[in-house]
Every structure is written in structure tokens, then in C-alpha cells.
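This is entry_29.txt (compact mmCIF, C-alpha atoms).
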```
# COMPACT_ATOMS: atom_id res chain seq x y z
CA MET A 503 -2.46 -20.59 5.35
CA ARG A 504 -1.35 -19.61 8.85
CA ALA A 505 2.24 -20.29 9.71
CA GLN A 506 2.33 -22.05 13.09
CA GLY A 507 3.58 -19.85 15.89
CA THR A 508 3.68 -16.68 13.78
CA THR A 509 1.65 -13.94 15.42
CA GLU A 510 0.39 -10.80 13.75
CA GLU A 511 2.91 -8.84 15.82
CA GLU A 512 5.78 -11.00 14.55
CA LEU A 513 4.62 -10.60 10.95
CA LEU A 514 4.30 -6.84 11.40
CA GLN A 515 7.80 -6.66 12.84
CA ARG A 516 9.05 -8.54 9.78
CA VAL A 517 7.18 -6.07 7.53
CA ALA A 518 8.85 -3.23 9.41
CA ARG A 519 12.26 -4.81 8.75
CA GLY A 520 11.43 -4.92 5.04
CA GLU A 521 11.26 -8.71 4.73
CA PRO A 522 9.65 -9.26 1.31
CA ASP A 523 7.72 -12.40 2.25
CA ALA A 524 6.04 -10.92 5.36
CA PHE A 525 3.49 -8.46 3.97
CA ALA A 526 1.37 -10.89 1.93
CA PRO A 527 0.60 -13.27 4.82
CA PHE A 528 0.01 -10.30 7.14
CA TYR A 529 -2.40 -8.80 4.61
CA ASP A 530 -4.13 -12.13 3.98
CA ARG A 531 -4.61 -12.69 7.69
CA LEU A 532 -6.05 -9.25 8.51
CA ALA A 533 -7.74 -8.08 5.30
CA PRO A 534 -11.07 -9.88 5.92
CA ARG A 535 -11.47 -8.26 9.36
CA ALA A 536 -10.35 -4.91 7.97
CA TYR A 537 -12.85 -5.13 5.13
CA GLY A 538 -15.67 -6.07 7.52
CA LEU A 539 -14.95 -3.01 9.66
CA ALA A 540 -14.62 -0.71 6.65
CA LEU A 541 -17.88 -2.00 5.18
CA ARG A 542 -19.74 -1.44 8.46
CA ILE A 543 -18.47 2.14 8.65
CA ALA A 544 -18.68 3.12 4.96
CA GLY A 545 -21.81 1.17 4.09
CA ASP A 546 -20.51 0.72 0.54
CA ALA A 547 -18.45 -2.20 -0.78
CA SER A 548 -16.39 -0.15 -3.22
CA ALA A 549 -15.60 2.53 -0.64
CA ALA A 550 -14.71 -0.17 1.89
CA GLN A 551 -12.35 -1.87 -0.57
CA ASP A 552 -10.64 1.43 -1.37
CA ALA A 553 -10.31 2.28 2.34
CA VAL A 554 -8.79 -1.12 3.13
CA GLN A 555 -6.31 -0.75 0.29
CA GLU A 556 -5.38 2.73 1.55
CA ALA A 557 -5.10 1.45 5.11
CA PHE A 558 -2.77 -1.40 4.18
CA LEU A 559 -0.65 0.98 2.18
CA ARG A 560 -0.36 3.09 5.34
CA VAL A 561 0.52 -0.05 7.31
CA TRP A 562 3.20 -0.95 4.77
CA LEU A 563 4.67 2.56 4.81
CA HIS A 564 4.51 3.04 8.58
CA ALA A 565 5.05 -0.47 9.98
CA ARG A 566 8.08 0.79 11.91
CA THR A 567 5.84 3.03 14.02
CA PHE A 568 3.93 0.08 15.52
CA ASP A 569 4.50 -0.18 19.27
CA ALA A 570 3.43 -3.51 20.79
CA ALA A 571 3.45 -1.89 24.24
CA ARG A 572 0.48 0.26 23.16
CA GLY A 573 -1.67 -2.59 21.84
CA SER A 574 -1.94 -5.50 19.46
CA ALA A 575 -1.09 -5.43 15.77
CA VAL A 576 -4.71 -6.23 14.97
CA ALA A 577 -5.98 -3.25 16.97
CA TRP A 578 -3.35 -1.01 15.37
CA VAL A 579 -4.33 -2.07 11.85
CA LEU A 580 -8.06 -1.76 12.55
CA GLY A 581 -7.45 1.75 13.91
CA ILE A 582 -5.72 2.63 10.65
CA VAL A 583 -8.63 1.14 8.69
CA ARG A 584 -11.11 3.15 10.74
CA ASN A 585 -9.17 6.35 10.10
CA ALA A 586 -8.89 5.60 6.37
CA VAL A 587 -12.65 5.10 6.10
CA LEU A 588 -13.38 8.26 8.06
CA ASP A 589 -10.93 10.22 5.93
CA GLN A 590 -12.69 8.92 2.85
CA LEU A 591 -16.13 9.82 4.19
CA ARG A 592 -15.01 13.35 5.08
CA SER A 593 -14.01 14.09 1.53
CA GLY A 594 -15.62 13.30 -1.79
CA SER A 595 -12.24 13.08 -3.47
CA ALA A 596 -10.56 11.00 -0.76
CA HIS A 597 -9.63 8.25 -3.18
CA GLU A 598 -7.83 10.66 -5.49
CA ARG A 599 -5.93 12.18 -2.59
CA ALA A 600 -5.05 8.73 -1.24
CA LEU A 601 -3.57 7.80 -4.60
CA ARG A 602 -1.56 11.01 -4.70
CA ARG A 603 -0.29 10.43 -1.15
CA ALA A 604 0.64 6.87 -2.05
CA ALA A 605 2.41 8.01 -5.20
CA ASP A 606 4.28 10.71 -3.27
CA ALA A 607 5.28 8.14 -0.65
CA ALA A 608 6.46 5.73 -3.35
CA LEU A 609 8.46 8.53 -4.93
CA ALA A 610 10.06 9.36 -1.60
CA ARG A 611 10.84 5.69 -0.93
CA CYS A 612 12.47 5.23 -4.33
CA ALA A 613 14.61 8.27 -3.65
CA GLY A 614 15.37 6.98 -0.13
CA GLU A 615 13.90 10.01 1.58
CA ARG A 616 10.91 10.76 3.80
CA GLU A 617 10.04 14.13 2.22
CA GLN A 618 11.34 15.97 -0.79
CA PRO A 619 11.62 19.58 -1.86
CA ARG A 620 9.68 20.35 -5.04
CA GLU A 621 12.86 20.81 -7.07
CA GLU A 622 13.80 17.16 -6.47
CA LEU A 623 10.39 15.84 -7.50
CA ALA A 624 11.34 15.47 -11.19
CA GLU A 625 14.39 13.42 -10.23
CA SER A 626 12.24 11.26 -7.97
CA ARG A 627 9.73 10.67 -10.73
CA SER A 628 12.59 9.48 -12.90
CA ALA A 629 13.78 7.13 -10.14
CA LEU A 630 10.25 5.81 -9.75
CA ARG A 631 9.89 5.20 -13.47
CA ASP A 632 13.25 3.34 -13.44
CA ALA A 633 12.03 1.19 -10.54
CA LEU A 634 8.69 0.60 -12.25
CA ALA A 635 10.53 -0.59 -15.37
CA GLN A 636 11.97 -3.44 -13.27
CA LEU A 637 8.50 -4.79 -12.43
CA PRO A 638 6.67 -7.44 -14.42
CA GLU A 639 4.44 -5.75 -17.02
CA PRO A 640 1.06 -6.58 -15.38
CA GLN A 641 2.14 -5.10 -12.03
CA ARG A 642 3.78 -2.08 -13.65
CA ARG A 643 0.71 -1.38 -15.77
CA MET A 644 -1.70 -1.54 -12.82
CA LEU A 645 0.48 0.75 -10.69
CA GLU A 646 0.91 3.27 -13.49
CA ILE A 647 -2.83 3.38 -14.16
CA ALA A 648 -3.68 3.68 -10.46
CA TYR A 649 -1.13 6.33 -9.56
CA PHE A 650 -0.61 8.32 -12.72
CA GLN A 651 -4.12 8.21 -14.19
CA ASP A 652 -5.91 8.42 -10.81
CA LEU A 653 -8.28 5.53 -11.49
CA SER A 654 -9.85 3.49 -8.71
CA HIS A 655 -9.30 -0.24 -8.55
CA ALA A 656 -12.85 -0.85 -9.78
CA GLN A 657 -12.31 1.52 -12.72
CA ILE A 658 -9.05 -0.24 -13.62
CA ALA A 659 -10.74 -3.65 -13.49
CA LYS A 660 -13.52 -2.48 -15.78
CA ARG A 661 -11.19 -0.72 -18.20
CA GLU A 662 -8.68 -3.58 -18.38
CA GLY A 663 -11.28 -6.35 -18.34
CA VAL A 664 -9.76 -8.18 -15.38
CA PRO A 665 -11.29 -9.15 -12.01
CA LEU A 666 -11.08 -6.57 -9.23
CA GLY A 667 -9.13 -9.02 -7.05
CA THR A 668 -6.52 -9.37 -9.79
CA VAL A 669 -6.08 -5.60 -9.94
CA LYS A 670 -5.65 -5.37 -6.17
CA THR A 671 -3.21 -8.29 -6.07
CA ARG A 672 -1.09 -6.87 -8.88
CA ILE A 673 -0.98 -3.46 -7.19
CA ARG A 674 -0.12 -4.99 -3.80
CA ASP A 675 2.56 -7.26 -5.25
CA GLY A 676 3.94 -4.39 -7.33
CA LEU A 677 4.20 -2.17 -4.25
CA ILE A 678 5.98 -4.95 -2.37
CA ARG A 679 8.48 -5.32 -5.24
CA LEU A 680 8.95 -1.53 -5.44
CA ARG A 681 9.74 -1.49 -1.74
CA ARG A 682 12.32 -4.23 -2.26
CA ILE A 683 13.84 -2.33 -5.21
CA ALA A 684 13.95 0.89 -3.17
CA ALA A 685 15.59 -0.95 -0.25
CA GLN A 686 18.21 -2.41 -2.59
CA GLY A 687 18.86 1.05 -4.04
CA ALA A 688 19.27 2.51 -0.55
CA THR A 689 21.70 -0.30 0.34
CA HIS A 690 23.79 0.35 -2.78
CA ASP A 691 23.70 4.15 -2.28
CA GLY A 692 24.56 4.07 1.42
```
As C-alpha cells:
Amino acid sequence: MRAQGTTEEELLQRVARGEPDAFAPFYDRLAPRAYGLALRIAGDASAAQDAVQEAFLRVWLHARTFDAARGSAVAWVLGIVRNAVLDQLRSGSAHERALRRAADAALARCAGEREQPREELAESRSALRDALAQLPEPQRRMLEIAYFQDLSHAQIAKREGVPLGTVKTRIRDGLIRLRRIAAQGATHDG
């Protein structure tokens, strides 16, 4: 349901500020258009779904880089979707790399850093596992399978016997909660 008077730009600004209730409506509003574009480019439903998921993860991680002076939030997101699909098409193992990038980004967020030296990676993994332990079991399980076992959303759905949409929702909601946990940790540390 569309909140009256809330534009995509306003929602994206709220996402950038880390407001926990902003990402879901932003995603719900733009995901159908993003999927349509990804499907037209990729020509495959599964590849399009994976590209959209990757693209929205990029949006979530880089919302602060959006500049309304350079264009609309919709155009910005669709550009990210286009790039995610093209990245996927350029490489046969794009999905695996996307998961690794997402996991690395989640590790960095939990540690409150943008990039980490290799020697701090073990500590970050521990911080991520601690944050994951705070999630509800269904979200935690889906994130662990996706990021640590390198399974696609479709593979997780088949293996776990749940609908694909449920897998995607649990992963999205889990990432949103992880971001909130990481933000709380950064507030308490700083």
C-alpha cells in the first residue's frame, strides 16, 4: 500500500538514514519494475530474480550515494538493476560472487567498517555470527544457507520445501534486521 505523499526519493532518503521501516515499502514499490527490466535483459526468470535481489542489496548498502540532483530514485534503482543483470550475464558464477560480496559487506557492516584487512576477517565473522544469533530462526537459517553455503534462492526454496517468495522475504527481512543490529552496535561502540 502506498503511503500518501511519500515519494520514492523520500523513502530512499529514509533508507539511507537507516530507518528500519523504509526499505520494505521502497522494495515493494520498485521491485515489480525492477524485475520486469531484469527479465527483459536476462531472458530468464531465475536469473532476473537473482539480479533484482542483488540490485536491492546494492541499493540497501549504498543508499547514501543516491543524489537526487542527478536523477530520480526510480532511474537510479533501475540503473543498478541493469548493471546487476549485465554483471550476471558477463560471468557464469555471478550469483556466487554476488553472495560473497553481500556476505563481505554484511561482515563489514557488523564490524562498523567499510573494508577490512584479512587479519580482522575472523573477528568480523564472529561479530556476524553473534548478530545472526539475534535474528528469528527462519531468517537466520535462510541467511546462513544463502551466504555460507552459496545456494541460490531457488535452491534454498527447493531444499527447505518453502516457496521462493518466502525465502526472499526472510532473507530481505533478515538483512534489514542485521542492518539495525549493526547500527545499534555502532551507536554503542561510538
Inset, instruction - Find, counting all atoms listed in the file, the residue in A:Ala524, A:Ala633, A:Ala571, A:Val587 that gets nearest to A:Gln686. - result: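 Among the listed residues, A:Ala633 lies closest to A:Gln686.
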Spatial neighbours of A:Glu639, max dist 10 Å, all atoms listed in the file, sep filter under 5 positions, as a compact mmCIF listing (two decimals) with C-alpha atoms, keeping the file's coordinate frame:
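Saved the output as result.txt:
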```txt
# COMPACT_ATOMS: atom_id res chain seq x y z
CA LEU A 634 8.69 0.60 -12.25
CA MET A 644 -1.70 -1.54 -12.82
CA LEU A 645 0.48 0.75 -10.69
CA ARG A 672 -1.09 -6.87 -8.88
CA GLY A 676 3.94 -4.39 -7.33
```
Inset, instruction - Measuring atom to atom with only C-alpha atoms, identify which of A:Ser548, A:Thr668, A:Thr509, A:Gln657 is nearest to A:Val576. - result: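 Nearest to A:Val576: A:Thr509.
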Give, as AutoDock Vina command-line options, the centre coordinates and the x, y and z edge lengths in Å to one decimal for an axis-aligned box around all listed atoms of stretch 545-555 of chain A, padded by 6 Å on each side.
```
--center_x -14.1 --center_y 0.2 --center_z 0.4 --size_x 27.5 --size_y 16.7 --size_z 19.3
```
Inset, instruction - Quote the spacing between atom CA of A:Gly581 and atom CA of A:Leu513 in Å to one decimal place. - result: 17.5 Å
Legend entry - Distance in Å - atom CA of A:Ala533 versus atom CA of A:Leu680: 20.9 Å
Legend entry - Nearby residues (all atoms listed in the file) at most 12 Å from A:Pro527, same-chain spacing under 6 positions excluded, as a ChimeraX atom specification: /A:503-505,508-510,512-514,516-517,521,533,674-675
Expected file contents, prior selection, C-alpha atoms, as a CSV table (one decimal), keeping the file's coordinate frame:
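Wrote result-v9.csv, looks like this:
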```csv
chain,number,residue,atom,x,y,z
A,503,MET,CA,-2.5,-20.6,5.4
A,504,ARG,CA,-1.4,-19.6,8.8
A,505,ALA,CA,2.2,-20.3,9.7
A,508,THR,CA,3.7,-16.7,13.8
A,509,THR,CA,1.6,-13.9,15.4
A,510,GLU,CA,0.4,-10.8,13.8
A,512,GLU,CA,5.8,-11.0,14.6
A,513,LEU,CA,4.6,-10.6,11.0
A,514,LEU,CA,4.3,-6.8,11.4
A,516,ARG,CA,9.0,-8.5,9.8
A,517,VAL,CA,7.2,-6.1,7.5
A,521,GLU,CA,11.3,-8.7,4.7
A,533,ALA,CA,-7.7,-8.1,5.3
A,674,ARG,CA,-0.1,-5.0,-3.8
A,675,ASP,CA,2.6,-7.3,-5.2
```
Inset, instruction - Would you mind telling me which residue in A:Leu563, A:Ile647, A:Ile582, A:Ala544 lies nearest to A:Leu677 when using all atoms listed in the file? - result: A:Leu563
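Every protein or nucleic acid residue with an atom no more than 10 Å from A:Ala656, counting all atoms listed in the file and leaving out same-chain residues fewer than 6 positions away, appears here: Ser548, Gln551, Asp552, Glu662, Val664, Pro665, Leu666, Gly667, Val669 and Lys670 of chain A.
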Inset, instruction - Pick out the residues sitting within 8 Å of stretch 558-560 of chain A, and hand them over as a ChimeraX atom specification; count only C-alpha atoms, and ignore anything fewer than 6 positions along from it in its own chain. - result: /A:529,579,582-583,604
Selection to disk with C-alpha atoms, as a CSV table (one decimal), keeping the file's coordinate frame:
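Wrote it out as selection34.csv, contents follow:
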```csv
chain,number,residue,atom,x,y,z
A,529,TYR,CA,-2.4,-8.8,4.6
A,579,VAL,CA,-4.3,-2.1,11.8
A,582,ILE,CA,-5.7,2.6,10.6
A,583,VAL,CA,-8.6,1.1,8.7
A,604,ALA,CA,0.6,6.9,-2.0
```
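Between atom CA of A:Ile673 and atom CA of A:Ala549 the separation is 17.1 Å.
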Inset, instruction - Can you work out which one of A:Asp546, A:Asp530, A:Glu511, A:Asp569 has the shortest atom-to-atom distance to A:Gln590, counting only C-alpha atoms? - result: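 Smallest separation from A:Gln590 among the options: A:Asp546.
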Legend entry - Using only C-alpha atoms: which of A:Gln636, A:Ser654, A:Gln641, A:Gln515 has the shortest distance to A:Ala570: A:Gln515
Legend entry - Protein/DNA/RNA residues near (9.7, -12.9, -3.5), cut 8 Å, all atoms listed in the file, as a PyMOL selection string: chain A and resi 522-523+679
Legend entry - Counting all atoms listed in the file, the option among A:Ala518, A:Ile658, A:Leu580, A:Leu588 closest to A:Ala565: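 Comparing A:Ala518, A:Ile658, A:Leu580, A:Leu588 against A:Ala565, the winner is A:Ala518.
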